Amino acid sequence: MPGLHELFRRIRESAALEIETLARLLDLSVDEVAAAETAGLPEPALVDRYARLFGLSVPALLRGEANDGPAAVLFRSMRNMDGGLSALAEVKAHRVLGEFLQCVHHASELHEALAQPRRSAFEWPAPEALPGTRDGASIVQQAEQLALEVRRRLGLVANRPIASALELVRGSLGIDVFFVDVDTLTPDIDGASALHPSPAILVNLLGGPRLWWRTRMTLMHELCHLLFDRASFGANSRGFVLFSPDMHARRHNHWQLVERFDDLERRANAFAAFMLAPTAGIRDVVGADAPGPEHVQHICNVFGVGRTVAINRVQNVLGLSHVARQTLEEQCKRQVIARDGGPDEVGPEAIGFAPPWFVGLVDEGLRSEAIDRIDARRYLGLGLAEPLGSDPPVRPRWRDAEDRAVLHVMHHAGVGIVFSAGVQELSDGSFEVQIARRLADGEDIRLGPVEVTRGLEIRPIRWLSS
């Protein structure tokens with residue numbers, strides 16, 4: 001075990017985290033983190049918790065890949081920000097980002113096992129530095145040039161809409177896409193993107209999955225980060241991961257991840273608008289007429305963008321004054337735009353970290369014997385006691401809970417050998433395990449109950465400290 005203790009210490013140091021900060025991110029006590037780095041036998045659940053936080057599979061964590069991995073680089077970049085990691089931990093965003101990165105790792109392993117490496121036929125351009133000036137107009141001009149170049153490389157007609165942004169990202173570019181909602185990820189974050197070990201995007205469905213025009217903008221926004229901002233954390237693109245705060249969080253100066261992060265976000269927003277509603281297409285819609293609400297409606301419907309983006313594009317293309325823009329906004333407020341059934345509307349089954357395409361990879365891996373059933377359960381987050389499709393559970397889940405409780409007490413209480421004196425399943429699906437110990441004279445004494453969640457986490461045990 002000395003090697004494992006050293007691994008835990010190096011992981012923390014590589015992320016430039018104090019023990020107190022790491023303990024908060026792991027939702028552990030400082031003593032538990034210190035013990036993991038010095039003594040005792042780390043429990044499998046602790047290793048898994050580290051793996052989730054640093055966005056890796058357990059084998060990858062044990063191989064030492066956390067040291068220069070995306071999560072470690074992100075934590076290092078945030079360590080000097082005012083309230084950076086604390087604010088992230090407060091809204092539990094680090095857990096979701098870690099799970100996203102872990103699923104990216106799992107998906108990459110599956111693609112590799114199935115001989116489906118995520119290398120797109122699209123020749124990705126080199127990272128593009130921001131203009132030397134902080135002038136907003138220069139950044140927007142650059143964003144348009146980048147969007148035109150990407151459209152050209154993808155063979156998209158300059159004035160035509162993108163039928164499906166999701167198909168473009170996933171099908172043409174080979175980028176894996178995950179969706180979550182605000183029940184999982186704070187609404188302060190619109191999305192995230194990562195490059196290693198394969199490119200992937202996370203979309204937070206703010207406002208719900210029916211706001212498909214917002215989903216399209218987030219996909220294009222994160223695509224800009226992947227294509228042009230991958231040198232933001234230095235020369236090693238393996239450590240690339242960015243998450244995009246929403247407008248409110250940006251205005252309050254939350255999470256300035258890298259130098260000139262606001263400018264990167266501004267460029268990504270403009271790139272997304274130019275990709276979805278190109279200038280040539282806007283000119284075709286408006287023509288020589290003075291722009292009115294009917295033009296805005298047409299732009300929304302044809303190019304699959306929201307009303308604000310449509311008005312922004314009209315102002316940008318036609319050079320509307322501030323007053324003319326305000327007038328157009330007022331006219332459009334009374335307008336109802338039919339939005340149901342859009343090309344990138346996300347179904348409820350696609351939300352979460354086991355979407356149909358991911359489950360399909362696991363099924364294909366099983367059928368081709370590229371992975372075994374233990375790997376499949378690991379990828380799907382299932383325990384040995386949970387069924388895998390039609391596969392029966394290896395053993396009842398209460399047995400896993402029983403073992404978990406006994407090992408936890410033996411590890412933390414220092415009372416010698418203990419055993420389970422009975423298990424009761426509670427109404428919420430958790431288990432209450434009665435722990436007992438046999439004395440030298442053969443008498444059994446009850447130490448007390450241990451509650452184990454369905455996820456095999458131990459809930460606080462008051463009697464251990466008494």
# chains A, B, ... in the order shown; residues from 1 in each chain; ligands from 1
call {"tool": "residues_around", "arguments": {"residues": "Val157 (chain A)", "least_positions_apart": "5", "cutoff": "12 Å", "atoms": "only C-alpha atoms", "output": "list in words"}}
result
Leu148, Glu149, Val150, Arg151, Arg152, Ile162, Ala163, Met275, Leu276, Ala277, Pro278, Thr279, Ala280 and Gly281 of chain A
call {"tool": "residues_around", "arguments": {"residues": "Glu330 (chain A)", "least_positions_apart": "3", "cutoff": "12 Å", "atoms": "only C-alpha atoms", "output": "MDAnalysis selection string"}}
result
chainID A and resid 292:293 307:308 311 323:327 333:335
call {"tool": "write_last_selection", "arguments": {"atoms": "N, CA and C atoms", "output": "PDB file, in the first residue's frame"}}
result
ATOM      1  N   GLY A 292     -37.865  44.103 -39.911  1.00  0.00           N
ATOM      2  CA  GLY A 292     -39.026  44.114 -39.039  1.00  0.00           C
ATOM      3  C   GLY A 292     -39.164  42.791 -38.320  1.00  0.00           C
ATOM      4  N   PRO A 293     -40.189  42.645 -37.488  1.00  0.00           N
ATOM      5  CA  PRO A 293     -40.356  41.405 -36.730  1.00  0.00           C
ATOM      6  C   PRO A 293     -40.539  40.182 -37.610  1.00  0.00           C
ATOM      7  N   ARG A 307     -34.521  34.325 -30.476  1.00  0.00           N
ATOM      8  CA  ARG A 307     -34.873  35.691 -30.890  1.00  0.00           C
ATOM      9  C   ARG A 307     -33.731  36.671 -30.644  1.00  0.00           C
ATOM     10  N   THR A 308     -33.076  36.576 -29.494  1.00  0.00           N
ATOM     11  CA  THR A 308     -31.992  37.508 -29.190  1.00  0.00           C
ATOM     12  C   THR A 308     -30.843  37.353 -30.178  1.00  0.00           C
ATOM     13  N   ILE A 311     -31.845  38.917 -33.526  1.00  0.00           N
ATOM     14  CA  ILE A 311     -31.768  40.382 -33.507  1.00  0.00           C
ATOM     15  C   ILE A 311     -30.314  40.837 -33.500  1.00  0.00           C
ATOM     16  N   VAL A 323     -30.807  52.676 -30.997  1.00  0.00           N
ATOM     17  CA  VAL A 323     -32.243  53.012 -30.951  1.00  0.00           C
ATOM     18  C   VAL A 323     -33.032  52.098 -31.880  1.00  0.00           C
ATOM     19  N   ALA A 324     -32.508  51.856 -33.085  1.00  0.00           N
ATOM     20  CA  ALA A 324     -33.210  50.983 -34.043  1.00  0.00           C
ATOM     21  C   ALA A 324     -33.303  49.561 -33.502  1.00  0.00           C
ATOM     22  N   ARG A 325     -32.275  49.134 -32.825  1.00  0.00           N
ATOM     23  CA  ARG A 325     -32.311  47.786 -32.246  1.00  0.00           C
ATOM     24  C   ARG A 325     -33.383  47.710 -31.157  1.00  0.00           C
ATOM     25  N   GLN A 326     -33.449  48.743 -30.286  1.00  0.00           N
ATOM     26  CA  GLN A 326     -34.453  48.743 -29.226  1.00  0.00           C
ATOM     27  C   GLN A 326     -35.864  48.705 -29.808  1.00  0.00           C
ATOM     28  N   THR A 327     -36.062  49.449 -30.879  1.00  0.00           N
ATOM     29  CA  THR A 327     -37.382  49.461 -31.526  1.00  0.00           C
ATOM     30  C   THR A 327     -37.736  48.068 -32.047  1.00  0.00           C
ATOM     31  N   LYS A 333     -41.338  41.613 -29.144  1.00  0.00           N
ATOM     32  CA  LYS A 333     -41.886  41.112 -27.889  1.00  0.00           C
ATOM     33  C   LYS A 333     -43.329  40.664 -28.043  1.00  0.00           C
ATOM     34  N   ARG A 334     -44.042  41.260 -28.991  1.00  0.00           N
ATOM     35  CA  ARG A 334     -45.450  40.913 -29.197  1.00  0.00           C
ATOM     36  C   ARG A 334     -45.607  39.755 -30.189  1.00  0.00           C
ATOM     37  N   GLN A 335     -44.491  39.177 -30.556  1.00  0.00           N
ATOM     38  CA  GLN A 335     -44.486  38.162 -31.591  1.00  0.00           C
ATOM     39  C   GLN A 335     -44.400  36.769 -30.964  1.00  0.00           C
TER      40      GLN A 335
END
call {"tool": "atom_distance", "arguments": {"atom1": "CA of Glu345 (chain A)", "atom2": "CA of Trp357 (chain A)"}}
result
15.9 Å
call {"tool": "atom_distance", "arguments": {"atom1": "CA of Glu112 (chain A)", "atom2": "CA of Phe75 (chain A)"}}
result
27.9 Å
call {"tool": "closest_residue", "arguments": {"among": "A:Glu222, A:Glu432, A:Asp176, A:Glu20", "to": "His111 (chain A)", "atoms": "only C-alpha atoms"}}
result
A:Asp176
call {"tool": "closest_residue", "arguments": {"among": "A:Ala270, A:Leu53, A:Leu227, A:Val169", "to": "Ile139 (chain A)", "atoms": "only C-alpha atoms"}}
result
A:Ala270
call {"tool": "closest_residue", "arguments": {"among": "A:Ala268, A:Ala165, A:Ala35, A:Ile371", "to": "Gln142 (chain A)", "atoms": "only C-alpha atoms"}}
result
A:Ala268
call {"tool": "residues_around", "arguments": {"residues": "Leu17 (chain A)", "least_positions_apart": "4", "cutoff": "10 Å", "atoms": "only C-alpha atoms", "output": "number ranges by chain"}}
result
A: 11-13, 21-23, 25, 72, 75-76, 79, 85
call {"tool": "residues_around", "arguments": {"residues": "Glu167 (chain A)", "least_positions_apart": "4", "cutoff": "12 Å", "atoms": "only C-alpha atoms", "output": "list in words"}}
result
Ile162, Ala163, Gly171, Ser172, Leu173, Gly174, Ile175, Asp176, Val177, Arg216, Leu219, Met220, Pro343, Asp344 and Glu345 of chain A
call {"tool": "write_last_selection", "arguments": {"atoms": "N, CA and C atoms", "output": "PDB file, in the first residue's frame"}}
result
ATOM      1  N   ILE A 162     -27.689  25.182 -40.804  1.00  0.00           N
ATOM      2  CA  ILE A 162     -27.221  23.874 -40.350  1.00  0.00           C
ATOM      3  C   ILE A 162     -28.451  23.093 -39.897  1.00  0.00           C
ATOM      4  N   ALA A 163     -28.750  22.010 -40.574  1.00  0.00           N
ATOM      5  CA  ALA A 163     -29.977  21.261 -40.270  1.00  0.00           C
ATOM      6  C   ALA A 163     -29.977  20.774 -38.835  1.00  0.00           C
ATOM      7  N   GLY A 171     -21.737  13.517 -35.709  1.00  0.00           N
ATOM      8  CA  GLY A 171     -21.555  12.706 -36.897  1.00  0.00           C
ATOM      9  C   GLY A 171     -20.374  13.140 -37.742  1.00  0.00           C
ATOM     10  N   SER A 172     -20.294  14.430 -38.066  1.00  0.00           N
ATOM     11  CA  SER A 172     -19.242  14.907 -38.963  1.00  0.00           C
ATOM     12  C   SER A 172     -17.901  15.066 -38.261  1.00  0.00           C
ATOM     13  N   LEU A 173     -17.924  15.432 -36.992  1.00  0.00           N
ATOM     14  CA  LEU A 173     -16.685  15.729 -36.289  1.00  0.00           C
ATOM     15  C   LEU A 173     -16.279  14.662 -35.283  1.00  0.00           C
ATOM     16  N   GLY A 174     -17.138  13.677 -35.035  1.00  0.00           N
ATOM     17  CA  GLY A 174     -16.773  12.595 -34.130  1.00  0.00           C
ATOM     18  C   GLY A 174     -16.603  13.022 -32.684  1.00  0.00           C
ATOM     19  N   ILE A 175     -17.420  13.973 -32.236  1.00  0.00           N
ATOM     20  CA  ILE A 175     -17.341  14.469 -30.859  1.00  0.00           C
ATOM     21  C   ILE A 175     -18.482  13.867 -30.050  1.00  0.00           C
ATOM     22  N   ASP A 176     -18.170  13.234 -28.938  1.00  0.00           N
ATOM     23  CA  ASP A 176     -19.207  12.680 -28.072  1.00  0.00           C
ATOM     24  C   ASP A 176     -19.925  13.810 -27.334  1.00  0.00           C
ATOM     25  N   VAL A 177     -21.236  13.676 -27.169  1.00  0.00           N
ATOM     26  CA  VAL A 177     -22.039  14.718 -26.539  1.00  0.00           C
ATOM     27  C   VAL A 177     -22.871  14.118 -25.413  1.00  0.00           C
ATOM     28  N   ARG A 216     -28.468  24.312 -29.584  1.00  0.00           N
ATOM     29  CA  ARG A 216     -27.641  24.503 -30.771  1.00  0.00           C
ATOM     30  C   ARG A 216     -26.536  25.528 -30.517  1.00  0.00           C
ATOM     31  N   LEU A 219     -23.807  23.960 -28.278  1.00  0.00           N
ATOM     32  CA  LEU A 219     -22.972  23.030 -29.033  1.00  0.00           C
ATOM     33  C   LEU A 219     -21.932  23.772 -29.867  1.00  0.00           C
ATOM     34  N   MET A 220     -22.340  24.829 -30.547  1.00  0.00           N
ATOM     35  CA  MET A 220     -21.405  25.583 -31.381  1.00  0.00           C
ATOM     36  C   MET A 220     -20.410  26.378 -30.528  1.00  0.00           C
ATOM     37  N   PRO A 343     -34.991  20.658 -34.732  1.00  0.00           N
ATOM     38  CA  PRO A 343     -34.090  19.591 -35.184  1.00  0.00           C
ATOM     39  C   PRO A 343     -33.156  19.074 -34.098  1.00  0.00           C
ATOM     40  N   ASP A 344     -32.921  19.842 -33.057  1.00  0.00           N
ATOM     41  CA  ASP A 344     -31.996  19.421 -32.004  1.00  0.00           C
ATOM     42  C   ASP A 344     -32.675  19.342 -30.636  1.00  0.00           C
ATOM     43  N   GLU A 345     -33.981  19.053 -30.648  1.00  0.00           N
ATOM     44  CA  GLU A 345     -34.675  18.849 -29.384  1.00  0.00           C
ATOM     45  C   GLU A 345     -34.216  17.531 -28.758  1.00  0.00           C
TER      46      GLU A 345
END
call {"tool": "atom_distance", "arguments": {"atom1": "CA of Phe228 (chain A)", "atom2": "CA of Ala143 (chain A)"}}
result
10.2 Å
call {"tool": "residues_around", "arguments": {"residues": "region 445-459 of chain A", "least_positions_apart": "6", "cutoff": "6 Å", "atoms": "only C-alpha atoms", "output": "number ranges by chain"}}
result
A: 401, 429-437
call {"tool": "closest_residue", "arguments": {"among": "A:Ala288, A:Leu202, A:Leu361, A:Ala272", "to": "Leu380 (chain A)", "atoms": "only C-alpha atoms"}}
result
A:Leu361
call {"tool": "select_by_dssp", "arguments": {"residues": "region 271-444 of chain A", "states": "helix (DSSP H, G or I)", "output": "NGL selection string"}}
result
:A and (271-276 or 279-286 or 293-303 or 307-318 or 322-333 or 348-350 or 356-367 or 373-380 or 397-413)
call {"tool": "select_by_dssp", "arguments": {"residues": "region 283-419 of chain A", "states": "strand (DSSP E or B)", "output": "PyMOL selection string"}}
result
chain A and resi 351-352+388+391+419
call {"tool": "closest_residue", "arguments": {"among": "A:Arg313, A:Arg438, A:Arg373, A:Arg160", "to": "Val296 (chain A)", "atoms": "only C-alpha atoms"}}
result
A:Arg313
call {"tool": "closest_residue", "arguments": {"among": "A:Val258, A:Ile417, A:Cys103, A:Leu439", "to": "Val73 (chain A)", "atoms": "only C-alpha atoms"}}
result
A:Val258
call {"tool": "residues_around", "arguments": {"residues": "Glu402 (chain A)", "least_positions_apart": "4", "cutoff": "8 Å", "atoms": "only C-alpha atoms", "output": "ChimeraX atom specification"}}
result
/A:398,406,420,423,433
call {"tool": "write_last_selection", "arguments": {"atoms": "C-alpha atoms", "output": "PDB file, in the first residue's frame"}}
result
ATOM      1  CA  TRP A 398     -28.173  -6.286   0.513  1.00  0.00           C
ATOM      2  CA  VAL A 406     -18.711  -4.514   8.140  1.00  0.00           C
ATOM      3  CA  SER A 420     -23.570  -8.436  10.522  1.00  0.00           C
ATOM      4  CA  VAL A 423     -29.995  -6.351   7.427  1.00  0.00           C
ATOM      5  CA  VAL A 433     -27.044  -3.194   8.885  1.00  0.00           C
TER       6      VAL A 433
END
